[in-house]
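Just below is one structure, and these are the notes that go with it.
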Amino acid sequence: RMLYKYQGHISAALIIGGTDVNGAHLYSIHPHGSTQRLPYTTMGSGSLAAMSVFETRYAEDLEEDKAIELVRDSIRAGIFNDLGSGSNVDVTVIRNDSTVTRHRTYENAAGSSADYKAKFERPAKLTPPPGTTFVIEETFRPHRAAPQTYVPSSASA
């Protein structure tokens, strides 16, 4: 159904990582099909801001906690410099011994909505009773129809 709906025009931008006997590998696969093997990569709408963090701070043989910090900061750069990037930072660590740790919502870059709401008191006037709609202003202007002019169509001979 999906292919029919989009008439085959579906694409994906992927970053694939893993390890084998030769060490760690990271690949990017672009929607048009090209692939690259890189030490670090970014994709998506916030990728330029994220890449600037990697280009500034990446080094070979980073300790795991420093590498996670680098990834977190690069994703945060993408989030804060692009309106379409969401707010969650998810991190997956793939180690050479084949153990994997997934940090789902490692950080919510926007912070907790409860903490944000607690900082600002909502005015009582803007909190209508449940089941009602707050009416700010009510006006009524009757619609006046434009005068209709009849133009006869020319008859075919």
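Every chain in the structure tokens takes a letter, A first, then B, and so on in the order presented; its residues are numbered from 1, and the ligands are numbered from 1 following the presented order.
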
At a cut-off of 6 Å, using only C-alpha atoms, what residues contact segment 29-46 of chain A? Leave out same-chain residues fewer than 2 positions from it and give the result as a PyMOL selection string. chain A and resi 11-14+26-27+48-49+78+82

Keeping N, CA and C atoms, export the residues of the selection given above as an mmCIF file, in the first residue's frame.
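Written output follows (again_23.cif):
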```
data_model
loop_
_atom_site.group_PDB
_atom_site.id
_atom_site.type_symbol
_atom_site.label_atom_id
_atom_site.label_comp_id
_atom_site.auth_asym_id
_atom_site.auth_seq_id
_atom_site.Cartn_x
_atom_site.Cartn_y
_atom_site.Cartn_z
ATOM 1 N N SER A 11 12.096 7.259 -0.026
ATOM 2 C CA SER A 11 13.540 7.217 0.159
ATOM 3 C C SER A 11 13.856 7.242 1.641
ATOM 4 N N ALA A 12 15.087 6.887 1.962
ATOM 5 C CA ALA A 12 15.542 6.911 3.344
ATOM 6 C C ALA A 12 17.011 7.313 3.372
ATOM 7 N N ALA A 13 17.370 8.068 4.368
ATOM 8 C CA ALA A 13 18.770 8.410 4.611
ATOM 9 C C ALA A 13 19.174 7.622 5.853
ATOM 10 N N LEU A 14 20.195 6.799 5.745
ATOM 11 C CA LEU A 14 20.556 5.887 6.831
ATOM 12 C C LEU A 14 21.984 6.107 7.312
ATOM 13 N N LEU A 26 31.395 2.749 10.319
ATOM 14 C CA LEU A 26 30.247 3.642 10.257
ATOM 15 C C LEU A 26 30.019 4.012 8.801
ATOM 16 N N TYR A 27 28.809 3.799 8.325
ATOM 17 C CA TYR A 27 28.470 4.072 6.929
ATOM 18 C C TYR A 27 27.271 5.004 6.864
ATOM 19 N N LEU A 48 23.994 19.961 9.365
ATOM 20 C CA LEU A 48 25.089 20.931 9.237
ATOM 21 C C LEU A 48 25.560 21.426 10.599
ATOM 22 N N ALA A 49 24.616 21.728 11.478
ATOM 23 C CA ALA A 49 24.987 22.170 12.820
ATOM 24 C C ALA A 49 25.652 21.031 13.589
ATOM 25 N N GLY A 78 22.041 20.224 16.318
ATOM 26 C CA GLY A 78 21.051 20.031 15.256
ATOM 27 C C GLY A 78 19.653 20.414 15.711
ATOM 28 N N ASP A 82 17.570 23.862 14.076
ATOM 29 C CA ASP A 82 16.647 23.408 13.042
ATOM 30 C C ASP A 82 15.297 23.139 13.688
#
```

If you run DSSP on the backbone, which residues of segment 57-140 of chain A are strand (DSSP E or B), as a list in words?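 The strand (DSSP E or B) subset of segment 57-140 of chain A is Asn88, Val89, Asp90, Val91, Thr92, Val93, Ile94, Val100, Thr101, Arg102, His103, Arg104, Thr105, Tyr106, Glu107 and Asn108 of chain A.
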
Determine the nearest neighbour of Val93 of chain A from the options A:Lys117, A:Thr56, A:Ala145, A:Glu64, counting only C-alpha atoms.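 Looking at the shortest contact to Val93 of chain A, the residue is A:Glu64.
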
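Rounded to one decimal, atom CA of Ala24 of chain A and atom CA of Ile79 of chain A lie 26.6 Å from each other.
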
Closest of A:His143, A:Glu107, A:Gly86, A:Thr101 to Glu69 of chain A, counting only C-alpha atoms, is A:Glu107
